[in-house]
>>> print(open('query00.pdb').read())   # PDB, C-alpha atoms and all ligand atoms
ATOM      1  CA  MET A   1     -13.005 -13.991  15.731
ATOM      2  CA  GLY A   2     -15.262 -10.967  15.437
ATOM      3  CA  LYS A   3     -14.739  -7.801  13.434
ATOM      4  CA  ALA A   4     -12.667  -5.098  15.066
ATOM      5  CA  THR A   5     -14.583  -1.961  15.990
ATOM      6  CA  THR A   6     -11.773   0.497  16.702
ATOM      7  CA  VAL A   7      -8.244   0.819  15.358
ATOM      8  CA  SER A   8      -5.895  -0.537  18.001
ATOM      9  CA  SER A   9      -3.128   1.672  19.338
ATOM     10  CA  LYS A  10      -0.518  -0.845  18.198
ATOM     11  CA  ARG A  11       2.209   0.339  15.826
ATOM     12  CA  PHE A  12       3.471  -2.074  13.179
ATOM     13  CA  ILE A  13       6.770  -2.186  11.400
ATOM     14  CA  VAL A  14       7.233  -4.904   8.833
ATOM     15  CA  GLY A  15      10.595  -5.786   7.288
ATOM     16  CA  ASN A  16      10.048  -7.692   4.043
ATOM     17  CA  TRP A  17      13.327  -9.242   2.905
ATOM     18  CA  LYS A  18      11.703 -10.506  -0.315
ATOM     19  CA  CYS A  19      14.000 -13.010  -2.103
ATOM     20  CA  SER A  20      17.211 -12.072  -0.271
ATOM     21  CA  LYS A  21      19.699 -13.591   2.209
ATOM     22  CA  ASN A  22      21.076 -17.077   2.713
ATOM     23  CA  LEU A  23      20.744 -18.706   6.126
ATOM     24  CA  ASP A  24      24.056 -17.387   7.483
ATOM     25  CA  GLN A  25      23.149 -13.854   6.436
ATOM     26  CA  ALA A  26      19.649 -14.182   7.896
ATOM     27  CA  GLN A  27      20.949 -15.379  11.263
ATOM     28  CA  ALA A  28      23.699 -12.750  11.373
ATOM     29  CA  TRP A  29      21.049 -10.078  10.668
ATOM     30  CA  LEU A  30      18.929 -11.268  13.595
ATOM     31  CA  THR A  31      21.922 -11.362  15.954
ATOM     32  CA  SER A  32      22.872  -7.830  14.986
ATOM     33  CA  PHE A  33      19.258  -6.558  15.182
ATOM     34  CA  ALA A  34      18.831  -8.074  18.668
ATOM     35  CA  GLN A  35      21.908  -6.245  19.957
ATOM     36  CA  ASP A  36      20.592  -2.790  19.061
ATOM     37  CA  PHE A  37      16.792  -3.066  19.046
ATOM     38  CA  ARG A  38      14.943  -1.609  22.046
ATOM     39  CA  PRO A  39      11.437  -3.093  22.449
ATOM     40  CA  GLN A  40       8.625  -0.586  23.053
ATOM     41  CA  PRO A  41       5.168  -1.300  24.416
ATOM     42  CA  GLU A  42       2.596  -1.360  21.580
ATOM     43  CA  LEU A  43       5.321  -1.743  18.887
ATOM     44  CA  GLN A  44       4.977  -4.901  16.815
ATOM     45  CA  VAL A  45       8.055  -5.639  14.736
ATOM     46  CA  ILE A  46       7.431  -8.207  12.029
ATOM     47  CA  ILE A  47      10.257  -9.718  10.000
ATOM     48  CA  ALA A  48       9.408 -11.530   6.779
ATOM     49  CA  PRO A  49      12.327 -13.678   5.599
ATOM     50  CA  PRO A  50      12.122 -16.176   2.732
ATOM     51  CA  THR A  51       9.837 -19.004   3.898
ATOM     52  CA  ILE A  52      12.655 -21.539   3.991
ATOM     53  CA  TRP A  53      14.360 -19.614   6.824
ATOM     54  CA  LEU A  54      11.280 -19.239   9.022
ATOM     55  CA  VAL A  55      11.900 -22.308  11.175
ATOM     56  CA  PRO A  56      15.585 -21.653  11.997
ATOM     57  CA  LEU A  57      14.867 -17.962  12.599
ATOM     58  CA  ALA A  58      11.908 -18.798  14.844
ATOM     59  CA  ARG A  59      14.257 -20.950  16.958
ATOM     60  CA  GLN A  60      16.833 -18.180  17.096
ATOM     61  CA  LEU A  61      14.169 -15.638  18.015
ATOM     62  CA  GLN A  62      12.961 -17.871  20.829
ATOM     63  CA  ASP A  63      16.523 -18.086  22.213
ATOM     64  CA  LEU A  64      16.843 -14.301  22.017
ATOM     65  CA  SER A  65      13.408 -13.824  23.669
ATOM     66  CA  LEU A  66      12.917 -10.397  22.095
ATOM     67  CA  ALA A  67       9.640  -8.802  23.173
ATOM     68  CA  GLY A  68       7.309  -7.647  20.397
ATOM     69  CA  VAL A  69       9.254  -9.244  17.522
ATOM     70  CA  HIS A  70       7.441 -11.679  15.224
ATOM     71  CA  LEU A  71       7.989 -13.510  11.958
ATOM     72  CA  ALA A  72       5.834 -13.419   8.842
ATOM     73  CA  ALA A  73       5.673 -15.578   5.755
ATOM     74  CA  GLN A  74       5.843 -13.575   2.519
ATOM     75  CA  ASP A  75       3.028 -15.614   1.004
ATOM     76  CA  VAL A  76       0.764 -18.555   1.752
ATOM     77  CA  SER A  77      -1.210 -21.067  -0.291
ATOM     78  CA  PRO A  78      -4.822 -20.258  -1.209
ATOM     79  CA  PHE A  79      -5.549 -23.972  -0.601
ATOM     80  CA  PRO A  80      -5.477 -26.224   2.442
ATOM     81  CA  ARG A  81      -3.055 -29.178   2.619
ATOM     82  CA  GLY A  82      -3.398 -31.536  -0.351
ATOM     83  CA  SER A  83      -2.141 -32.188  -3.865
ATOM     84  CA  TYR A  84      -0.808 -28.691  -4.579
ATOM     85  CA  THR A  85       2.832 -29.131  -5.612
ATOM     86  CA  GLY A  86       5.078 -26.399  -4.319
ATOM     87  CA  ALA A  87       2.458 -24.856  -2.044
ATOM     88  CA  ILE A  88       2.838 -24.154   1.666
ATOM     89  CA  ALA A  89      -0.469 -24.399   3.495
ATOM     90  CA  ALA A  90      -1.199 -21.783   6.133
ATOM     91  CA  ASP A  91      -1.337 -24.268   9.001
ATOM     92  CA  MET A  92       2.238 -25.371   8.165
ATOM     93  CA  LEU A  93       3.377 -21.933   9.296
ATOM     94  CA  THR A  94       1.978 -22.414  12.786
ATOM     95  CA  GLY A  95       4.760 -22.302  15.348
ATOM     96  CA  SER A  96       7.150 -20.305  13.187
ATOM     97  CA  ALA A  97       5.213 -17.394  11.648
ATOM     98  CA  ASP A  98       2.535 -15.333  13.390
ATOM     99  CA  TYR A  99       1.734 -13.275  10.283
ATOM    100  CA  ALA A 100       1.566 -13.782   6.512
ATOM    101  CA  ILE A 101       1.950 -11.101   3.858
ATOM    102  CA  ILE A 102      -0.783 -11.638   1.272
ATOM    103  CA  GLY A 103      -1.350 -10.084  -2.156
ATOM    104  CA  HIS A 104       1.913  -8.133  -2.319
ATOM    105  CA  GLY A 105       2.124  -6.071  -5.526
ATOM    106  CA  GLU A 106       5.055  -8.190  -6.669
ATOM    107  CA  ARG A 107       2.954 -11.361  -6.284
ATOM    108  CA  ARG A 108       0.135  -9.748  -8.245
ATOM    109  CA  ARG A 109       2.514  -8.488 -10.934
ATOM    110  CA  TYR A 110       5.049 -11.306 -11.415
ATOM    111  CA  PHE A 111       2.960 -14.296 -10.315
ATOM    112  CA  ARG A 112      -0.331 -13.066 -11.761
ATOM    113  CA  GLU A 113      -2.168 -13.321  -8.468
ATOM    114  CA  THR A 114      -5.719 -12.036  -8.481
ATOM    115  CA  SER A 115      -7.740 -10.348  -5.772
ATOM    116  CA  GLN A 116      -9.726 -13.572  -5.439
ATOM    117  CA  ASP A 117      -6.466 -15.476  -4.807
ATOM    118  CA  ALA A 118      -5.659 -12.946  -2.102
ATOM    119  CA  VAL A 119      -9.063 -13.364  -0.477
ATOM    120  CA  ASN A 120      -8.662 -17.171  -0.512
ATOM    121  CA  LYS A 121      -5.210 -16.833   1.043
ATOM    122  CA  VAL A 122      -6.517 -14.513   3.744
ATOM    123  CA  SER A 123      -9.253 -17.009   4.505
ATOM    124  CA  GLU A 124      -6.743 -19.900   4.766
ATOM    125  CA  ALA A 125      -4.474 -17.816   7.000
ATOM    126  CA  VAL A 126      -7.316 -16.818   9.295
ATOM    127  CA  ASP A 127      -8.478 -20.433   9.643
ATOM    128  CA  ALA A 128      -4.935 -21.400  10.659
ATOM    129  CA  GLY A 129      -4.641 -18.588  13.214
ATOM    130  CA  ILE A 130      -2.096 -16.683  11.099
ATOM    131  CA  LYS A 131      -2.636 -12.914  11.000
ATOM    132  CA  PRO A 132      -2.852 -11.577   7.436
ATOM    133  CA  ILE A 133      -1.073  -8.444   6.237
ATOM    134  CA  ILE A 134      -3.042  -7.768   3.077
ATOM    135  CA  CYS A 135      -1.417  -5.491   0.501
ATOM    136  CA  VAL A 136      -3.303  -3.101  -1.734
ATOM    137  CA  ASP A 137      -1.387  -1.401  -4.490
ATOM    138  CA  THR A 138      -3.497   1.574  -5.399
ATOM    139  CA  ALA A 139      -5.661   3.735  -3.230
ATOM    140  CA  SER A 140      -8.682   3.225  -5.427
ATOM    141  CA  ALA A 141      -8.355  -0.533  -5.751
ATOM    142  CA  MET A 142     -11.920  -1.305  -4.759
ATOM    143  CA  SER A 143     -11.589  -4.813  -6.165
ATOM    144  CA  GLN A 144      -8.766  -5.476  -3.702
ATOM    145  CA  LEU A 145     -10.502  -3.910  -0.728
ATOM    146  CA  VAL A 146     -14.193  -4.693  -0.952
ATOM    147  CA  PRO A 147     -14.015  -8.535  -0.758
ATOM    148  CA  LEU A 148     -12.137  -8.199   2.525
ATOM    149  CA  GLY A 149     -15.266  -6.744   4.083
ATOM    150  CA  ASP A 150     -16.811 -10.211   4.294
ATOM    151  CA  LEU A 151     -13.909 -11.689   6.229
ATOM    152  CA  ASP A 152     -14.381 -12.343   9.883
ATOM    153  CA  CYS A 153     -10.889 -11.545  11.056
ATOM    154  CA  GLU A 154     -10.085  -9.189  13.872
ATOM    155  CA  GLN A 155      -6.366  -9.003  13.319
ATOM    156  CA  LEU A 156      -5.999  -8.073   9.684
ATOM    157  CA  VAL A 157      -3.475  -5.376   8.807
ATOM    158  CA  ILE A 158      -3.827  -3.462   5.523
ATOM    159  CA  ALA A 159      -0.578  -2.459   3.812
ATOM    160  CA  TYR A 160      -0.887   0.354   1.285
ATOM    161  CA  CYS A 161       1.999  -0.128  -1.157
ATOM    162  CA  PRO A 162       1.730   2.009  -4.309
ATOM    163  CA  VAL A 163       3.465   0.221  -7.185
ATOM    164  CA  GLU A 164       5.200   3.352  -8.487
ATOM    165  CA  ALA A 165       6.891   4.038  -5.143
ATOM    166  CA  MET A 166       8.361   0.533  -5.093
ATOM    167  CA  SER A 167       9.305   0.544  -8.796
ATOM    168  CA  TYR A 168      10.891   3.997  -8.957
ATOM    169  CA  ARG A 169      12.311   3.916  -5.414
ATOM    170  CA  GLU A 170      10.679   7.192  -4.511
ATOM    171  CA  ALA A 171       8.236   7.362  -1.620
ATOM    172  CA  GLU A 172       4.769   8.565  -2.571
ATOM    173  CA  LYS A 173       4.033  12.143  -1.505
ATOM    174  CA  LYS A 174       2.922  12.253   2.117
ATOM    175  CA  GLU A 175      -0.305  14.080   1.206
ATOM    176  CA  THR A 176      -1.168  11.336  -1.294
ATOM    177  CA  VAL A 177      -0.490   8.628   1.295
ATOM    178  CA  GLU A 178      -2.674  10.493   3.779
ATOM    179  CA  GLU A 179      -5.501  10.646   1.210
ATOM    180  CA  ALA A 180      -5.124   6.929   0.479
ATOM    181  CA  VAL A 181      -5.195   6.101   4.183
ATOM    182  CA  ARG A 182      -8.368   8.150   4.594
ATOM    183  CA  PHE A 183      -9.951   6.394   1.602
ATOM    184  CA  ILE A 184      -9.022   2.889   2.802
ATOM    185  CA  GLY A 185     -10.124   3.798   6.321
ATOM    186  CA  GLN A 186     -13.593   4.665   5.006
ATOM    187  CA  ILE A 187     -13.961   1.174   3.529
ATOM    188  CA  HIS A 188     -12.289  -0.599   6.471
ATOM    189  CA  PRO A 189     -12.742   1.738   9.427
ATOM    190  CA  ALA A 190     -11.262  -0.426  12.167
ATOM    191  CA  ARG A 191      -8.205  -1.858  10.435
ATOM    192  CA  PRO A 192      -4.644  -0.755  11.058
ATOM    193  CA  ILE A 193      -3.176   0.647   7.810
ATOM    194  CA  ILE A 194       0.550   0.752   7.135
ATOM    195  CA  TYR A 195       2.462   2.338   4.250
ATOM    196  CA  GLY A 196       5.202   0.738   2.144
ATOM    197  CA  GLY A 197       7.329   2.147  -0.656
ATOM    198  CA  ALA A 198      10.901   3.504  -0.503
ATOM    199  CA  ILE A 199      10.952   3.988   3.271
ATOM    200  CA  THR A 200      14.445   4.708   4.617
ATOM    201  CA  PRO A 201      15.857   5.694   8.020
ATOM    202  CA  ASP A 202      15.808   9.292   6.722
ATOM    203  CA  ASN A 203      12.112   9.526   5.849
ATOM    204  CA  ALA A 204      10.642   6.985   8.321
ATOM    205  CA  ARG A 205       9.818   9.473  11.057
ATOM    206  CA  ASP A 206       7.899  11.768   8.671
ATOM    207  CA  TYR A 207       5.909   8.929   7.146
ATOM    208  CA  ALA A 208       5.206   7.262  10.488
ATOM    209  CA  ALA A 209       3.596  10.518  11.629
ATOM    210  CA  ILE A 210       0.978  10.549   8.822
ATOM    211  CA  PRO A 211      -2.455  10.816  10.485
ATOM    212  CA  GLY A 212      -4.373   7.537  10.509
ATOM    213  CA  LEU A 213      -1.313   5.440   9.709
ATOM    214  CA  SER A 214      -0.397   2.603  12.097
ATOM    215  CA  GLY A 215       3.084   1.849  10.829
ATOM    216  CA  LEU A 216       5.452   1.170   7.966
ATOM    217  CA  PHE A 217       6.202  -1.658   5.570
ATOM    218  CA  VAL A 218       9.842  -1.735   4.563
ATOM    219  CA  GLY A 219      11.560  -3.642   1.768
ATOM    220  CA  GLN A 220      15.087  -2.701   0.762
ATOM    221  CA  ALA A 221      16.014  -0.761   3.909
ATOM    222  CA  SER A 222      15.056  -3.747   6.076
ATOM    223  CA  LEU A 223      17.949  -5.781   4.652
ATOM    224  CA  ASP A 224      20.375  -3.820   6.775
ATOM    225  CA  ALA A 225      19.860  -4.528  10.488
ATOM    226  CA  ALA A 226      21.135  -1.111  11.642
ATOM    227  CA  ALA A 227      18.889   0.732   9.165
ATOM    228  CA  PHE A 228      15.911  -1.352  10.282
ATOM    229  CA  VAL A 229      16.614  -0.652  13.975
ATOM    230  CA  ALA A 230      16.665   3.073  13.122
ATOM    231  CA  ILE A 231      13.314   2.764  11.328
ATOM    232  CA  CYS A 232      11.838   0.875  14.305
ATOM    233  CA  ALA A 233      12.953   3.688  16.604
ATOM    234  CA  ALA A 234      11.333   6.247  14.264
ATOM    235  CA  VAL A 235       8.018   4.355  14.238
ATOM    236  CA  ALA A 236       8.058   3.943  18.025
ATOM    237  CA  GLY A 237       8.246   7.762  18.221
TER     238      GLY A 237
HETATM  239  O1  LIG B 301       7.562  -3.815  -1.076
HETATM  240  C1  LIG B 301       7.729  -3.138  -0.081
HETATM  241  C2  LIG B 301       7.315  -3.635   1.232
HETATM  242  O2  LIG B 301       6.946  -4.957   1.117
HETATM  243  C3  LIG B 301       8.418  -1.842  -0.146
HETATM  244  O3  LIG B 301       9.673  -2.076  -0.698
HETATM  245  P1  LIG B 301      10.783  -0.949  -0.674
HETATM  246  O4  LIG B 301      10.886  -0.454   0.755
HETATM  247  O5  LIG B 301      12.036  -1.629  -1.139
HETATM  248  O6  LIG B 301      10.302   0.124  -1.591
END
>>> encode(input="query00.pdb", output="structure tokens", more="lines below")
Ligand SMILES: O=C(CO)COP(=O)(O)O
Amino acid sequence: MGKATTVSSKRFIVGNWKCSKNLDQAQAWLTSFAQDFRPQPELQVIIAPPTIWLVPLARQLQDLSLAGVHLAAQDVSPFPRGSYTGAIAADMLTGSADYAIIGHGERRRYFRETSQDAVNKVSEAVDAGIKPIICVDTASAMSQLVPLGDLDCEQLVIAYCPVEAMSYREAEKKETVEEAVRFIGQIHPARPIIYGGAITPDNARDYAAIPGLSGLFVGQASLDAAAFVAICAAVAG
């Protein structure tokens, strides 16, 4: 895989369920989403359920044959297969997840993950053919961004998720997001950048229109299938 040279015209919308939903709820969500979602060319919808539901949801998704809808793991091991109790190696995701979220602010904060852990995870994901969605939590987080420059991965997505927006449930000001996107884009010119933090069906259209942004990363509002369909429609434009 070589380095990308231009930002692709793809739009991304990621629904991160975090630690929510049992299997019945997860499958009911997908059934309801499939009834109302209208696929759009260039729109990549990525659903990140708890890892334990990836395999049954991948089967359900295959039966539904929804165009442009993918699954992501919310995390991946920084190690290959081996004696790492509790870990899930990136190549174990093959066949169920196409993407993996890596370095989410909540992983950094509650699980003490470092930027080096994130880089190792990205490297494992890339080797396994899983596309990384790497999260950075502040616009000026050079330590999170710079090591990514050495990675040879064409399909990396950068998710800008300011911690305050997630903690206080208030989206960051659009001008500040735009500045952050410009800053990140200078360090990683050809990477799609998405924004996450208190996105709702009401503000999605405004945020999706921020110049330089390739999509949205949604937590709480993705738990409701109808709200997520509305956000997908807003991102598709
Ligand atoms: O963490 C996020 C995306 O992964 C954002 O979460 P909220 O949309 O709940 O603020």
>>> residues_near_ligand(input="query00.pdb", ligand="ligand LIG 301 (chain B)", cutoff="8 Å", atoms="all atoms listed in the file", output="VMD selection string")
chain A and resid 14 to 18 104 to 106 161 165 to 167 169 to 171 196 to 200 217 to 222
>>> write_last_selection(input="query00.pdb", atoms="C-alpha atoms", output="tab-separated table (two decimals), keeping the file's coordinate frame")
chain	number	residue	atom	x	y	z
A	14	VAL	CA	7.23	-4.90	8.83
A	15	GLY	CA	10.60	-5.79	7.29
A	16	ASN	CA	10.05	-7.69	4.04
A	17	TRP	CA	13.33	-9.24	2.90
A	18	LYS	CA	11.70	-10.51	-0.32
A	104	HIS	CA	1.91	-8.13	-2.32
A	105	GLY	CA	2.12	-6.07	-5.53
A	106	GLU	CA	5.06	-8.19	-6.67
A	161	CYS	CA	2.00	-0.13	-1.16
A	165	ALA	CA	6.89	4.04	-5.14
A	166	MET	CA	8.36	0.53	-5.09
A	167	SER	CA	9.30	0.54	-8.80
A	169	ARG	CA	12.31	3.92	-5.41
A	170	GLU	CA	10.68	7.19	-4.51
A	171	ALA	CA	8.24	7.36	-1.62
A	196	GLY	CA	5.20	0.74	2.14
A	197	GLY	CA	7.33	2.15	-0.66
A	198	ALA	CA	10.90	3.50	-0.50
A	199	ILE	CA	10.95	3.99	3.27
A	200	THR	CA	14.44	4.71	4.62
A	217	PHE	CA	6.20	-1.66	5.57
A	218	VAL	CA	9.84	-1.74	4.56
A	219	GLY	CA	11.56	-3.64	1.77
A	220	GLN	CA	15.09	-2.70	0.76
A	221	ALA	CA	16.01	-0.76	3.91
A	222	SER	CA	15.06	-3.75	6.08
>>> residues_around(input="query00.pdb", residues="Gln144 in chain A", least_positions_apart="5", cutoff="9 Å", atoms="all atoms listed in the file", output="JSON, numbers by chain")
{"A": [103, 114, 115, 116, 118, 119, 135, 136, 137, 138]}
>>> write_last_selection(input="query00.pdb", atoms="C-alpha atoms", output="PDB file, in the coordinates of the input")
ATOM      1  CA  GLY A 103      -1.350 -10.084  -2.156  1.00  0.00           C
ATOM      2  CA  THR A 114      -5.719 -12.036  -8.481  1.00  0.00           C
ATOM      3  CA  SER A 115      -7.740 -10.348  -5.772  1.00  0.00           C
ATOM      4  CA  GLN A 116      -9.726 -13.572  -5.439  1.00  0.00           C
ATOM      5  CA  ALA A 118      -5.659 -12.946  -2.102  1.00  0.00           C
ATOM      6  CA  VAL A 119      -9.063 -13.364  -0.477  1.00  0.00           C
ATOM      7  CA  CYS A 135      -1.417  -5.491   0.501  1.00  0.00           C
ATOM      8  CA  VAL A 136      -3.303  -3.101  -1.734  1.00  0.00           C
ATOM      9  CA  ASP A 137      -1.387  -1.401  -4.490  1.00  0.00           C
ATOM     10  CA  THR A 138      -3.497   1.574  -5.399  1.00  0.00           C
TER      11      THR A 138
END
>>> atom_distance(input="query00.pdb", atom1="CA of Gly86 in chain A", atom2="CA of Pro49 in chain A")
17.7 Å
>>> residues_around(input="query00.pdb", residues="Leu43 in chain A", least_positions_apart="4", cutoff="7 Å", atoms="all atoms listed in the file", output="PyMOL selection string")
chain A and resi 10-12+68+236
>>> write_last_selection(input="query00.pdb", atoms="C-alpha atoms", output="JSON list (two decimals), in the coordinates of the input")
[["chain", "number", "residue", "atom", "x", "y", "z"],
["A", 10, "LYS", "CA", -0.52, -0.84, 18.20],
["A", 11, "ARG", "CA", 2.21, 0.34, 15.83],
["A", 12, "PHE", "CA", 3.47, -2.07, 13.18],
["A", 68, "GLY", "CA", 7.31, -7.65, 20.40],
["A", 236, "ALA", "CA", 8.06, 3.94, 18.02]]
>>> closest_residue(input="query00.pdb", among="A:Ala58, A:Leu151, A:Ile13, A:Ala87", to="Ala230 in chain A", atoms="only C-alpha atoms")
A:Ile13
>>> closest_residue(input="query00.pdb", among="A:Ala180, A:Gln155, A:Ala89, A:Pro147", to="Ile210 in chain A", atoms="only C-alpha atoms")
A:Ala180
>>> resolve_selection(input="query00.pdb", expression="the PyMOL selection byres (((chain A and resi 92-97) around 7) and not hetatm)", output="MDAnalysis selection string")
chainID A and resid 54:55 58 71:73 88:91 98:99
>>> axis_aligned_box(input="query00.pdb", around="range 19-29 of chain A", padding_each_side="8 Å", output="lines of an AutoDock Vina configuration file")
center_x = 19.0
center_y = -14.4
center_z = 4.6
size_x = 26.1
size_y = 24.6
size_z = 29.5
>>> residues_near_point(input="query00.pdb", point="(-4.5, 4.1, 5.1)", cutoff="8 Å", atoms="all atoms listed in the file", output="PyMOL selection string")
chain A and resi 158-160+177-185+192-195+212-213
>>> residues_around(input="query00.pdb", residues="range 37-41 of chain A", least_positions_apart="4", cutoff="12 Å", atoms="only C-alpha atoms", output="PyMOL selection string")
chain A and resi 9-13+29-33+45+64-70+225-237
>>> closest_residue(input="query00.pdb", among="A:Leu145, A:Ile133, A:Ala128, A:Cys153", to="His188 in chain A", atoms="all atoms listed in the file")
A:Leu145
>>> residues_around(input="query00.pdb", residues="Gln74 in chain A", least_positions_apart="6", cutoff="6 Å", atoms="all atoms listed in the file", output="short mmCIF file (atom, residue, chain, number, x, y, z; two decimals) with C-alpha atoms, in the frame of the given file")
data_model
loop_
_atom_site.label_atom_id
_atom_site.label_comp_id
_atom_site.auth_asym_id
_atom_site.auth_seq_id
_atom_site.Cartn_x
_atom_site.Cartn_y
_atom_site.Cartn_z
CA ALA A 48 9.41 -11.53 6.78
CA ALA A 100 1.57 -13.78 6.51
CA ILE A 101 1.95 -11.10 3.86
#
>>> atom_distance(input="query00.pdb", atom1="CA of Gln62 in chain A", atom2="CA of Asn22 in chain A")
19.9 Å
>>> closest_residue(input="query00.pdb", among="A:Ala209, A:Val122, A:Ala26, A:Ala204", to="Ile134 in chain A", atoms="only C-alpha atoms")
A:Val122
